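Enquirer: Sharing work.pdb here; it has PDB, C-alpha atoms.
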```pdb
MODEL        1
ATOM      1  CA  MET A   1     -61.463 -25.144  52.701
ATOM      2  CA  GLU A   2     -58.938 -22.322  52.387
ATOM      3  CA  THR A   3     -58.127 -19.479  54.734
ATOM      4  CA  ILE A   4     -58.173 -16.002  53.207
ATOM      5  CA  ARG A   5     -56.952 -12.712  54.637
ATOM      6  CA  VAL A   6     -58.871  -9.432  54.667
ATOM      7  CA  GLY A   7     -56.869  -6.485  53.268
ATOM      8  CA  LYS A   8     -56.630  -2.889  54.529
ATOM      9  CA  ARG A   9     -59.792  -1.711  52.775
ATOM     10  CA  GLY A  10     -61.820  -4.812  53.638
ATOM     11  CA  THR A  11     -60.971  -6.601  50.394
ATOM     12  CA  PHE A  12     -60.235 -10.279  50.129
ATOM     13  CA  VAL A  13     -59.341 -12.622  47.289
ATOM     14  CA  ILE A  14     -61.584 -15.559  46.500
ATOM     15  CA  PRO A  15     -59.379 -18.583  45.808
ATOM     16  CA  VAL A  16     -58.942 -19.416  42.115
ATOM     17  CA  LYS A  17     -60.563 -22.861  42.451
ATOM     18  CA  LEU A  18     -63.749 -21.279  43.782
ATOM     19  CA  ARG A  19     -63.705 -18.507  41.149
ATOM     20  CA  GLN A  20     -63.412 -21.135  38.416
ATOM     21  CA  ARG A  21     -66.038 -23.426  39.918
ATOM     22  CA  PHE A  22     -68.584 -20.598  40.244
ATOM     23  CA  ASN A  23     -67.488 -18.733  37.081
ATOM     24  CA  ILE A  24     -66.641 -15.565  38.996
ATOM     25  CA  LYS A  25     -65.026 -12.897  36.834
ATOM     26  CA  GLU A  26     -63.515  -9.490  37.529
ATOM     27  CA  ASP A  27     -66.176  -6.779  38.118
ATOM     28  CA  ASP A  28     -68.934  -9.320  38.918
ATOM     29  CA  LEU A  29     -71.387  -7.959  41.471
ATOM     30  CA  PHE A  30     -72.329  -9.659  44.738
ATOM     31  CA  LEU A  31     -74.803  -9.103  47.517
ATOM     32  CA  ALA A  32     -73.345  -9.394  51.020
ATOM     33  CA  GLU A  33     -75.964 -10.707  53.400
ATOM     34  CA  GLU A  34     -75.501 -10.765  57.152
ATOM     35  CA  ARG A  35     -76.229 -14.148  58.673
ATOM     36  CA  GLU A  36     -76.107 -15.372  62.243
ATOM     37  CA  ASP A  37     -73.137 -17.613  61.449
ATOM     38  CA  GLY A  38     -71.284 -15.201  59.137
ATOM     39  CA  ILE A  39     -71.566 -13.367  55.828
ATOM     40  CA  LEU A  40     -73.234 -14.905  52.772
ATOM     41  CA  LEU A  41     -72.082 -13.674  49.346
ATOM     42  CA  ARG A  42     -74.554 -14.144  46.512
ATOM     43  CA  PRO A  43     -74.275 -13.111  42.852
ATOM     44  CA  ALA A  44     -76.179  -9.931  42.004
ATOM     45  CA  VAL A  45     -77.603  -8.836  38.678
ATOM     46  CA  ALA A  46     -77.573  -5.205  37.582
ATOM     47  CA  VAL A  47     -80.094  -4.323  34.897
ATOM     48  CA  PRO A  48     -79.478  -1.119  32.967
ATOM     49  CA  VAL A  49     -82.297   1.406  33.137
ATOM     50  CA  GLU A  50     -83.337   3.108  29.924
ATOM     51  CA  ILE A  51     -83.758   6.855  30.244
ATOM     52  CA  TYR A  52     -86.442   7.815  27.738
ATOM     53  CA  THR A  53     -85.814  10.797  25.506
ATOM     54  CA  PRO A  54     -88.768  13.011  24.555
ATOM     55  CA  ASP A  55     -88.728  11.446  21.063
ATOM     56  CA  ARG A  56     -88.912   7.945  22.561
ATOM     57  CA  LYS A  57     -91.806   8.970  24.832
ATOM     58  CA  ALA A  58     -93.602  10.427  21.817
ATOM     59  CA  GLU A  59     -93.092   7.158  19.954
ATOM     60  CA  PHE A  60     -94.717   5.281  22.858
ATOM     61  CA  PHE A  61     -97.678   7.664  22.823
ATOM     62  CA  LEU A  62     -98.313   7.121  19.113
ATOM     63  CA  ASN A  63     -97.721   3.364  19.136
ATOM     64  CA  ASN A  64    -100.147   2.856  22.018
ATOM     65  CA  ALA A  65    -103.031   4.675  20.338
ATOM     66  CA  VAL A  66    -105.897   2.241  19.708
ATOM     67  CA  THR A  67    -108.528   4.746  18.551
ATOM     68  CA  LYS A  68    -108.585   7.951  16.540
ATOM     69  CA  GLU A  69    -109.258   9.828  19.765
ATOM     70  CA  ASP A  70    -106.233   8.214  21.433
ATOM     71  CA  TYR A  71    -104.084   9.170  18.457
ATOM     72  CA  ASP A  72    -105.310  12.761  18.528
ATOM     73  CA  ALA A  73    -104.656  13.001  22.276
ATOM     74  CA  ALA A  74    -101.156  11.565  21.753
ATOM     75  CA  CYS A  75    -100.468  14.191  19.084
ATOM     76  CA  GLU A  76    -101.604  16.948  21.466
ATOM     77  CA  ASP A  77     -99.301  15.600  24.181
ATOM     78  CA  ILE A  78     -96.404  15.420  21.727
ATOM     79  CA  ARG A  79     -96.978  19.001  20.577
ATOM     80  CA  ALA A  80     -97.045  20.067  24.247
ATOM     81  CA  MET A  81     -93.568  18.485  24.529
ATOM     82  CA  GLY A  82     -92.430  20.813  21.733
ATOM     83  CA  LEU A  83     -92.215  18.046  19.120
ATOM     84  CA  ASN A  84     -93.851  17.528  15.751
ATOM     85  CA  PRO A  85     -95.878  14.268  15.746
ATOM     86  CA  ALA A  86     -95.378  13.890  11.989
ATOM     87  CA  LYS A  87     -91.619  13.597  12.524
ATOM     88  CA  ILE A  88     -91.806  10.864  15.179
ATOM     89  CA  PRO A  89     -90.948   7.420  13.741
ATOM     90  CA  HIS A  90     -93.638   4.806  14.365
ATOM     91  CA  THR A  91     -92.334   1.301  14.982
ATOM     92  CA  GLU A  92     -95.887   0.014  14.700
ATOM     93  CA  ASN A  93     -96.666   2.219  11.677
ATOM     94  CA  VAL A  94     -99.842   3.463  13.357
ATOM     95  CA  ASN A  95    -101.992   5.261  10.800
ATOM     96  CA  ARG A  96    -104.717   7.452  12.300
ATOM     97  CA  ASP A  97    -107.099   6.850   9.383
ATOM     98  CA  ALA A  98    -106.918   3.076   9.912
ATOM     99  CA  LEU A  99    -107.808   3.332  13.609
ATOM    100  CA  PRO A 100    -111.401   2.898  14.784
ATOM    101  CA  THR A 101    -113.223   5.620  16.673
ATOM    102  CA  ARG A 102    -113.763   5.044  20.402
ATOM    103  CA  ALA A 103    -117.391   4.024  19.700
ATOM    104  CA  GLU A 104    -116.304   1.545  16.996
ATOM    105  CA  PHE A 105    -113.637   0.137  19.299
ATOM    106  CA  ASP A 106    -116.106  -0.271  22.168
ATOM    107  CA  LEU A 107    -118.593  -2.032  19.860
ATOM    108  CA  ARG A 108    -115.881  -4.428  18.606
ATOM    109  CA  MET A 109    -114.858  -5.218  22.169
ATOM    110  CA  LYS A 110    -118.476  -5.824  23.196
ATOM    111  CA  ARG A 111    -119.028  -8.210  20.258
ATOM    112  CA  THR A 112    -115.770 -10.044  20.988
ATOM    113  CA  LEU A 113    -116.684 -10.507  24.646
ATOM    114  CA  GLU A 114    -120.172 -11.715  23.704
ATOM    115  CA  ARG A 115    -118.674 -14.253  21.251
ATOM    116  CA  GLN A 116    -116.258 -15.483  23.908
ATOM    117  CA  LYS A 117    -119.052 -15.779  26.431
ATOM    118  CA  ARG A 118    -121.253 -17.764  23.992
ATOM    119  CA  SER A 119    -118.303 -19.959  23.048
ATOM    120  CA  GLY A 120    -117.571 -20.683  26.711
ATOM    121  CA  GLN A 121    -121.223 -21.531  27.401
ATOM    122  CA  SER A 122    -121.462 -23.934  24.459
ATOM    123  CA  LYS A 123    -118.322 -25.793  25.609
ATOM    124  CA  SER A 124    -119.674 -26.288  29.115
ATOM    125  CA  ALA A 125    -123.113 -27.452  27.903
TER     126      ALA A 125
ENDMDL
END
```
Could the structure of this file be written out as structure tokens, please?

Expert:
Amino acid sequence: METIRVGKRGTFVIPVKLRQRFNIKEDDLFLAEEREDGILLRPAVAVPVEIYTPDRKAEFFLNNAVTKEDYDAACEDIRAMGLNPAKIPHTENVNRDALPTRAEFDLRMKRTLERQKRSGQSKSA
């Protein structure tokens, strides 16, 4: 155990042996937690927050379209943002013509759920 001194602005130096043992580097962040018997210092993690540009939001809208109607609604929203949907890059390469209509999508989902239900019943029988 080593004694450390608190500086004028409340700073103190963690002894080198402890910094090495716990891999503490300059600019690392810590949480200071008040405890009954003193102060507990724990490592903190800072996660950067992405600020979405209008183009990035538009890309999300288009990539999340699962039906023709969804795609059309996304395009309307993008136009309302003052952007041209045709100029927004698609990471998923969503093509409106390849998407099902809402009715087709609902029918596919119904059939899939029915198949899963039958499959689950046959396994338990």

Enquirer: So what do you get for CA of Arg111 (chain A) versus CA of Leu62 (chain A), distance-wise?

Expert: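 Computed distance, CA of Arg111 (chain A) to CA of Leu62 (chain A), equals 25.8 Å.
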
Enquirer: Pull out every residue that the PyMOL selection byres ((chain A and resi 72-80) around 10) matches in the shown coordinates and put them as an MDAnalysis selection string.

Expert: chainID A and resid 54:55 57:65 67:71 81:86 88 96

Enquirer: Calculate how many Å separate CA of Arg56 (chain A) from CA of Asp106 (chain A), rounding to one decimal.

Expert: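 Taking CA of Arg56 (chain A) as the start and CA of Asp106 (chain A) as the end point, the length is 28.4 Å.
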
Enquirer: Kindly give the distance, in Å, that separates CA of Ile14 (chain A) and CA of Met1 (chain A), rounded to a single decimal.

Expert: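 About the pair CA of Ile14 (chain A) and CA of Met1 (chain A): they are 11.4 Å apart.
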
Enquirer: Would you please work out which residue, of A:Thr112, A:Val66, A:Ser119, A:Glu2, is nearest to Pro100 (chain A) when using only C-alpha atoms?

Expert: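 Among the listed residues, the smallest separation from Pro100 (chain A) belongs to A:Val66.
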
Enquirer: Smallest atom-to-atom distance to Arg42 (chain A): which of A:Asn95, A:Arg102, A:Gly120, A:Phe30, using only C-alpha atoms?

Expert: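 Closest to Arg42 (chain A) of all the choices is A:Phe30.
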
Enquirer: Would you give the centre and edge lengths, in Å to one decimal, of a box along x, y and z around the listed atoms of region 109-115 of chain A, with 5 Å added to each side, as AutoDock Vina command-line options?

Expert:
```
--center_x -117.5 --center_y -9.7 --center_z 22.5 --size_x 15.3 --size_y 19.0 --size_z 14.4
```

Enquirer: Smallest atom-to-atom distance to Pro43 (chain A): which of A:Ile24, A:Leu113, A:Leu18, A:Leu99, using only C-alpha atoms?

Expert: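 Looking only at the distances to Pro43 (chain A), the closest residue turns out to be A:Ile24.
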
Enquirer: Tell me which residues the PyMOL selection byres ((chain A and resi 28) around 12) grabs here, as a PDB file with C-alpha atoms, keeping the file's coordinate frame.

Expert:
```pdb
ATOM      1  CA  ARG A  19     -63.705 -18.507  41.149  1.00  0.00           C
ATOM      2  CA  PHE A  22     -68.584 -20.598  40.244  1.00  0.00           C
ATOM      3  CA  ASN A  23     -67.488 -18.733  37.081  1.00  0.00           C
ATOM      4  CA  ILE A  24     -66.641 -15.565  38.996  1.00  0.00           C
ATOM      5  CA  LYS A  25     -65.026 -12.897  36.834  1.00  0.00           C
ATOM      6  CA  GLU A  26     -63.515  -9.490  37.529  1.00  0.00           C
ATOM      7  CA  ASP A  27     -66.176  -6.779  38.118  1.00  0.00           C
ATOM      8  CA  LEU A  29     -71.387  -7.959  41.471  1.00  0.00           C
ATOM      9  CA  PHE A  30     -72.329  -9.659  44.738  1.00  0.00           C
ATOM     10  CA  LEU A  31     -74.803  -9.103  47.517  1.00  0.00           C
ATOM     11  CA  LEU A  41     -72.082 -13.674  49.346  1.00  0.00           C
ATOM     12  CA  ARG A  42     -74.554 -14.144  46.512  1.00  0.00           C
ATOM     13  CA  PRO A  43     -74.275 -13.111  42.852  1.00  0.00           C
ATOM     14  CA  ALA A  44     -76.179  -9.931  42.004  1.00  0.00           C
ATOM     15  CA  VAL A  45     -77.603  -8.836  38.678  1.00  0.00           C
ATOM     16  CA  ALA A  46     -77.573  -5.205  37.582  1.00  0.00           C
TER      17      ALA A  46
END
```
